[in-house]
Number of protein chains: 2
Amino acid sequence: MESEMKATGRAPTNIAFIKYMGKDERGNALPNGQGKNFPENGSISLTLDSLYSTTTVHFSTDYSEDSFTLDGERHAKEAERVIEAMDIVRSLADLTLRAKIVSTNNFGKSRGLSSSASGAAALAFAASTAAGLRLSERELSVLARKFSGSGSRSVPPGWVEWKQPIFDEAGNLVHDSYAESFLPSDHWAIADVVAITEVPSKEVSTTEAHGRVQQSPYRAARLAAMPRKIEDCKRFIYERNFPSLGRLMEAEAWDLHLLFISSGIRYIRSETLRVMENVERWRREGLEAYYTINTGQDVHVLCHEEDANAVRRKLEQLEGVRDIMIGRPGRGAHLLEEHLF
Amino acid sequence: MESEMKATGRAPTNIAFIKYMGKDERGNALPNGQGKNFPENGSISLTLDSLYSTTTVHFSTDYSEDSFTLDGERHAKEAERVIEAMDIVRSLADLTLRAKIVSTNNFGKSRGLSSSASGAAALAFAASTAAGLRLSERELSVLARKFSGSGSRSVPPGWVEWKQPIFDEAGNLVHDSYAESFLPSDHWAIADVVAITEVPSKEVSTTEAHGRVQQSPYRAARLAAMPRKIEDCKRFIYERNFPSLGRLMEAEAWDLHLLFISSGIRYIRSETLRVMENVERWRREGLEAYYTINTGQDVHVLCHEEDANAVRRKLEQLEGVRDIMIGRPGRGAHLLEEHLF
């Protein structure tokens, strides 16, 4: 029995072309945290391969409390969120055992690299499996979403849509919110070249941002434009129309950050803008590359797979760029045979 | 007679704390260009002293056509606007004579330094006087507005409000749009230290921007918030409350540029943002300074008069800053005895 209550999950980061920001408050009224991290709009993303979280969860009578380490260290704030997540899993599995949770990222955190997404998805897979649950991909996506919204997108492989919840007129939930692939990872050989800028980690957490954007005078207009944007984005991906996807993605990145700025939050730094200006210049010079940014100051440069090294070399020469990582379409969350402990 | 048909006007630039962007289309329906450059929102500005345009207008039978030089050169596009302005003056004065118009700026143009504002106000004063009209300050402000919207603000001295037009329910104009002082220039010793950045002149003209912002999904929400903003801005100036004015001014500068970005226009460059970030840093270090930007990439740093040289020295040390100019509260448009020719 004891040996079966241990599992290790691995899940990658994802890069969103249409972003998640703002939580649907109707979710708060649902029982048992069912509506946790319901997004105010759907989003479209690509699951990546090379940046990932790996997490081992072990339930045992040996433990009198949950313990959590990330990259060998204890982080009080993350531990709190992880224990909250473990309580959800224990409730689903009707368990009371405490657990030891060990997690590693193969990249830095709090850099707008969606470490919370990959972490949430890896934890969802490891914890639910260790607890004896056998969840479907959709159920795993729902569980990861409760841990960290965009974690839902790090469960399925390839090109992914995260769906908004659907309520009927009486306010009853008729369709849950989860992410699923709409195209496999080999549909299109696009690379995400991430430029890590030389600026301190962000001052306002994504969690805090989700709350503050509710006050933006521009929120309603942004949300009203979303269904059309999502439809366009999916069509451009189906058609492998990179210029149209690229322009839509850049406009959406700015739109997200207009929402932030109008809420008194500025993630875009002069170093960020400098990279964006250079991407625009390279494009005028013939290199097909487009940028996006998450809730942070680093820049994701999307390009054709065969241009990834050219983009990397150009980024390396820019002042203010500290590090570069490349992600490609990936397989999503999965279990590993080997455990971290 | 001939000698009396020559006049020289001088008018300064102004810096707006609440900006003018977007034209009220109801003005187009009024006869004789009466509603030209009606603003969609009122604005609040400070008339400056040291950056100005000087313009001499001479009507004479000697001229078979209007001629215009700016800083000794002919500019086809400006000439077109100036001749259009002269036609308005000729119509008001019932004149048919052509004119020679010579104008100089003591600073560069197309830099977001409101050269069109000072130019319009100087031309309005010179041309109307040369044509024998004796206009009140309010009438001069209306005339300058028709030449270039924010020109209306460069006519009165000191702390200025430019008022929106007022229409009744039937769509009749019941109050014209003009600017007037609400406090004299000696009310408050504030300086405007302008950092000219090392970037090319802007790619989208202010005139084009006025049209494109009509399509922004965020325009309506911006306009809805304006009356309250204007009221707050005037109160902070009355009270000489610099922190509140400064924060409002910075938020308004960003709000203006959110409108631009959501219309596909980006005037803020990484060099611009770098100056803004430094102003924020200096403020954290105790120097009371706040920024604003116009329809361009240069940064206006507002500070107490006694800090102007400290701000200048700090700006001089920043990479990407090409030139610095300082403006102080000024006297507005006036006539000169000496002519340019």
# chains A, B, ... in the order shown; residues from 1 in each chain; ligands from 1

call {"tool": "residues_around", "arguments": {"residues": "Pro217 (chain B)", "least_positions_apart": "2", "cutoff": "9 Å", "atoms": "only C-alpha atoms", "output": "PyMOL selection string"}}
result
(chain A and resi 218+221-222+225) or (chain B and resi 213-215+219-221+259+262-263)

call {"tool": "write_last_selection", "arguments": {"atoms": "N, CA and C atoms", "output": "PDB file, in the first residue's frame"}}
result
ATOM      1  N   TYR A 218     -11.313  49.925 -18.451  1.00  0.00           N
ATOM      2  CA  TYR A 218     -11.250  49.345 -19.794  1.00  0.00           C
ATOM      3  C   TYR A 218     -11.559  47.847 -19.806  1.00  0.00           C
ATOM      4  N   ALA A 221     -14.699  46.636 -22.008  1.00  0.00           N
ATOM      5  CA  ALA A 221     -14.476  46.682 -23.463  1.00  0.00           C
ATOM      6  C   ALA A 221     -13.516  45.580 -23.893  1.00  0.00           C
ATOM      7  N   ARG A 222     -12.506  45.305 -23.071  1.00  0.00           N
ATOM      8  CA  ARG A 222     -11.591  44.205 -23.390  1.00  0.00           C
ATOM      9  C   ARG A 222     -12.343  42.877 -23.469  1.00  0.00           C
ATOM     10  N   ALA A 225     -14.518  42.221 -26.532  1.00  0.00           N
ATOM     11  CA  ALA A 225     -13.826  41.930 -27.794  1.00  0.00           C
ATOM     12  C   ALA A 225     -13.253  40.510 -27.833  1.00  0.00           C
TER      13      ALA A 225
ATOM     14  N   VAL B 213      -7.878  57.537 -33.058  1.00  0.00           N
ATOM     15  CA  VAL B 213      -8.368  57.201 -31.712  1.00  0.00           C
ATOM     16  C   VAL B 213      -9.887  57.042 -31.666  1.00  0.00           C
ATOM     17  N   GLN B 214     -10.576  57.542 -32.688  1.00  0.00           N
ATOM     18  CA  GLN B 214     -12.039  57.364 -32.709  1.00  0.00           C
ATOM     19  C   GLN B 214     -12.404  55.883 -32.702  1.00  0.00           C
ATOM     20  N   GLN B 215     -11.499  55.021 -33.198  1.00  0.00           N
ATOM     21  CA  GLN B 215     -11.790  53.598 -33.297  1.00  0.00           C
ATOM     22  C   GLN B 215     -11.389  52.825 -32.040  1.00  0.00           C
ATOM     23  N   ARG B 219     -12.097  54.466 -25.934  1.00  0.00           N
ATOM     24  CA  ARG B 219     -12.347  55.909 -26.016  1.00  0.00           C
ATOM     25  C   ARG B 219     -13.525  56.344 -25.128  1.00  0.00           C
ATOM     26  N   ALA B 220     -14.611  55.598 -25.195  1.00  0.00           N
ATOM     27  CA  ALA B 220     -15.814  56.004 -24.450  1.00  0.00           C
ATOM     28  C   ALA B 220     -15.542  56.040 -22.947  1.00  0.00           C
ATOM     29  N   ALA B 221     -14.840  55.022 -22.447  1.00  0.00           N
ATOM     30  CA  ALA B 221     -14.565  54.974 -21.006  1.00  0.00           C
ATOM     31  C   ALA B 221     -13.618  56.110 -20.613  1.00  0.00           C
ATOM     32  N   LEU B 259      -4.805  55.054 -25.037  1.00  0.00           N
ATOM     33  CA  LEU B 259      -5.714  55.358 -26.153  1.00  0.00           C
ATOM     34  C   LEU B 259      -4.956  55.208 -27.481  1.00  0.00           C
ATOM     35  N   SER B 262      -4.047  51.426 -28.097  1.00  0.00           N
ATOM     36  CA  SER B 262      -5.235  50.651 -28.488  1.00  0.00           C
ATOM     37  C   SER B 262      -5.732  51.074 -29.869  1.00  0.00           C
ATOM     38  N   SER B 263      -5.152  52.124 -30.435  1.00  0.00           N
ATOM     39  CA  SER B 263      -5.465  52.545 -31.804  1.00  0.00           C
ATOM     40  C   SER B 263      -4.327  52.182 -32.762  1.00  0.00           C
TER      41      SER B 263
END

call {"tool": "select_by_dssp", "arguments": {"residues": "region 71-280 of chain B", "states": "strand (DSSP E or B)", "output": "number ranges by chain"}}
result
B: 73, 98-105, 159-162, 166-167, 173-175, 179-183, 190-197

call {"tool": "residues_around", "arguments": {"residues": "Ala99 (chain B)", "least_positions_apart": "2", "cutoff": "8 Å", "atoms": "only C-alpha atoms", "output": "MDAnalysis selection string"}}
result
chainID B and resid 57:60 63 65:67 97 101

call {"tool": "residues_around", "arguments": {"residues": "Ala289 (chain B)", "least_positions_apart": "6", "cutoff": "12 Å", "atoms": "only C-alpha atoms", "output": "number ranges by chain"}}
result
B: 190-193, 242-247, 249-250, 275-283, 299-312, 314-315

call {"tool": "residues_around", "arguments": {"residues": "region 168-174 of chain A", "least_positions_apart": "6", "cutoff": "10 Å", "atoms": "only C-alpha atoms", "output": "ChimeraX atom specification"}}
result
/A:26-27,29-30,34-35

call {"tool": "closest_atom_pairs", "arguments": {"of": "chain A", "to": "chain B", "cutoff": "6 Å", "atoms": "only C-alpha atoms", "output": "tab-separated table"}}
result
residue	atom	partner	partner_atom	distance
A:Tyr218	CA	B:Tyr218	CA	5.9
A:Leu258	CA	B:Leu258	CA	5.9
A:Ser270	CA	B:Ser270	CA	4.7
A:Leu273	CA	B:Ser270	CA	5.3
A:Arg274	CA	B:Ser270	CA	5.3

call {"tool": "write_last_selection", "arguments": {"atoms": "N, CA and C atoms", "output": "short mmCIF file (atom, residue, chain, number, x, y, z; two decimals), in the first residue's frame"}}
result
data_model
loop_
_atom_site.label_atom_id
_atom_site.label_comp_id
_atom_site.auth_asym_id
_atom_site.auth_seq_id
_atom_site.Cartn_x
_atom_site.Cartn_y
_atom_site.Cartn_z
N TYR A 218 -11.31 49.92 -18.45
CA TYR A 218 -11.25 49.34 -19.79
C TYR A 218 -11.56 47.85 -19.81
N LEU A 258 -2.32 47.15 -21.32
CA LEU A 258 -3.15 48.36 -21.14
C LEU A 258 -4.07 48.16 -19.94
N SER A 270 11.55 49.51 -19.57
CA SER A 270 12.20 50.02 -20.78
C SER A 270 13.00 48.91 -21.45
N LEU A 273 10.54 46.88 -23.50
CA LEU A 273 10.13 47.62 -24.70
C LEU A 273 11.25 47.62 -25.73
N ARG A 274 12.48 47.68 -25.24
CA ARG A 274 13.63 47.68 -26.14
C ARG A 274 13.69 46.38 -26.95
#

call {"tool": "select_by_dssp", "arguments": {"residues": "region 82-198 of chain B", "states": "alpha helix (DSSP H)", "output": "PyMOL selection string"}}
result
chain B and resi 82-93+115-130+137-147

call {"tool": "decode", "arguments": {"residues": "region 166-178 of chain A", "atoms": "all heavy atoms", "output": "compact mmCIF listing (two decimals), in the first residue's frame"}}
result
# COMPACT_ATOMS: atom_id res chain seq x y z
N ILE A 166 -19.55 27.89 -18.40
CA ILE A 166 -20.83 28.35 -18.95
C ILE A 166 -21.91 28.21 -17.86
O ILE A 166 -22.06 27.15 -17.24
CB ILE A 166 -21.24 27.53 -20.20
CG1 ILE A 166 -20.17 27.69 -21.28
CG2 ILE A 166 -22.60 28.00 -20.74
CD1 ILE A 166 -20.38 26.81 -22.50
N PHE A 167 -22.61 29.31 -17.63
CA PHE A 167 -23.71 29.34 -16.65
C PHE A 167 -25.03 29.48 -17.40
O PHE A 167 -25.05 30.11 -18.47
CB PHE A 167 -23.54 30.54 -15.71
CG PHE A 167 -22.38 30.44 -14.77
CD1 PHE A 167 -21.10 30.83 -15.15
CD2 PHE A 167 -22.56 29.95 -13.47
CE1 PHE A 167 -20.02 30.74 -14.29
CE2 PHE A 167 -21.48 29.87 -12.59
CZ PHE A 167 -20.21 30.25 -12.99
N ASP A 168 -26.08 28.90 -16.85
CA ASP A 168 -27.38 29.17 -17.48
C ASP A 168 -27.95 30.46 -16.89
O ASP A 168 -27.31 31.12 -16.05
CB ASP A 168 -28.35 27.97 -17.31
CG ASP A 168 -28.72 27.72 -15.85
OD1 ASP A 168 -28.48 28.60 -14.99
OD2 ASP A 168 -29.23 26.62 -15.56
N GLU A 169 -29.15 30.83 -17.35
CA GLU A 169 -29.70 32.12 -16.93
C GLU A 169 -30.01 32.18 -15.45
O GLU A 169 -30.03 33.26 -14.86
CB GLU A 169 -30.96 32.43 -17.75
CG GLU A 169 -30.61 32.80 -19.19
CD GLU A 169 -31.84 33.12 -20.03
OE1 GLU A 169 -32.94 33.17 -19.47
OE2 GLU A 169 -31.66 33.32 -21.25
N ALA A 170 -30.23 31.01 -14.86
CA ALA A 170 -30.53 30.98 -13.42
C ALA A 170 -29.24 31.02 -12.59
O ALA A 170 -29.29 31.04 -11.36
CB ALA A 170 -31.32 29.72 -13.08
N GLY A 171 -28.07 31.05 -13.28
CA GLY A 171 -26.82 31.14 -12.55
C GLY A 171 -26.24 29.78 -12.19
O GLY A 171 -25.29 29.69 -11.40
N ASN A 172 -26.81 28.70 -12.74
CA ASN A 172 -26.26 27.37 -12.49
C ASN A 172 -25.15 27.07 -13.48
O ASN A 172 -25.26 27.40 -14.66
CB ASN A 172 -27.35 26.30 -12.65
CG ASN A 172 -28.50 26.54 -11.70
OD1 ASN A 172 -28.30 26.67 -10.50
ND2 ASN A 172 -29.71 26.62 -12.25
N LEU A 173 -24.12 26.41 -12.98
CA LEU A 173 -23.02 26.03 -13.85
C LEU A 173 -23.47 24.88 -14.76
O LEU A 173 -23.91 23.84 -14.26
CB LEU A 173 -21.82 25.58 -13.01
CG LEU A 173 -20.58 25.17 -13.80
CD1 LEU A 173 -19.93 26.39 -14.45
CD2 LEU A 173 -19.58 24.45 -12.91
N VAL A 174 -23.36 25.07 -16.07
CA VAL A 174 -23.76 23.99 -16.97
C VAL A 174 -22.55 23.41 -17.70
O VAL A 174 -22.65 22.36 -18.33
CB VAL A 174 -24.84 24.43 -17.99
CG1 VAL A 174 -26.13 24.75 -17.27
CG2 VAL A 174 -24.37 25.63 -18.80
N HIS A 175 -21.39 24.09 -17.62
CA HIS A 175 -20.20 23.56 -18.27
C HIS A 175 -18.98 24.05 -17.49
O HIS A 175 -18.82 25.25 -17.29
CB HIS A 175 -20.11 24.02 -19.72
CG HIS A 175 -19.46 23.03 -20.63
ND1 HIS A 175 -18.12 22.82 -20.63
CD2 HIS A 175 -19.99 22.16 -21.53
CE1 HIS A 175 -17.84 21.87 -21.52
NE2 HIS A 175 -18.94 21.46 -22.09
N ASP A 176 -18.14 23.11 -17.08
CA ASP A 176 -16.98 23.46 -16.25
C ASP A 176 -15.91 24.16 -17.11
O ASP A 176 -16.00 24.20 -18.34
CB ASP A 176 -16.40 22.19 -15.61
CG ASP A 176 -15.63 22.50 -14.32
OD1 ASP A 176 -15.36 23.68 -14.05
OD2 ASP A 176 -15.30 21.54 -13.59
N SER A 177 -14.90 24.68 -16.46
CA SER A 177 -13.82 25.38 -17.16
C SER A 177 -12.56 24.53 -17.14
O SER A 177 -12.01 24.24 -16.07
CB SER A 177 -13.56 26.72 -16.46
OG SER A 177 -12.42 27.34 -17.02
N TYR A 178 -12.11 24.11 -18.33
CA TYR A 178 -10.91 23.28 -18.44
C TYR A 178 -10.26 23.58 -19.79
O TYR A 178 -10.85 24.25 -20.65
CB TYR A 178 -11.28 21.78 -18.37
CG TYR A 178 -12.29 21.39 -19.40
CD1 TYR A 178 -11.90 21.02 -20.69
CD2 TYR A 178 -13.66 21.43 -19.11
CE1 TYR A 178 -12.84 20.72 -21.65
CE2 TYR A 178 -14.60 21.12 -20.08
CZ TYR A 178 -14.20 20.76 -21.34
OH TYR A 178 -15.11 20.47 -22.30
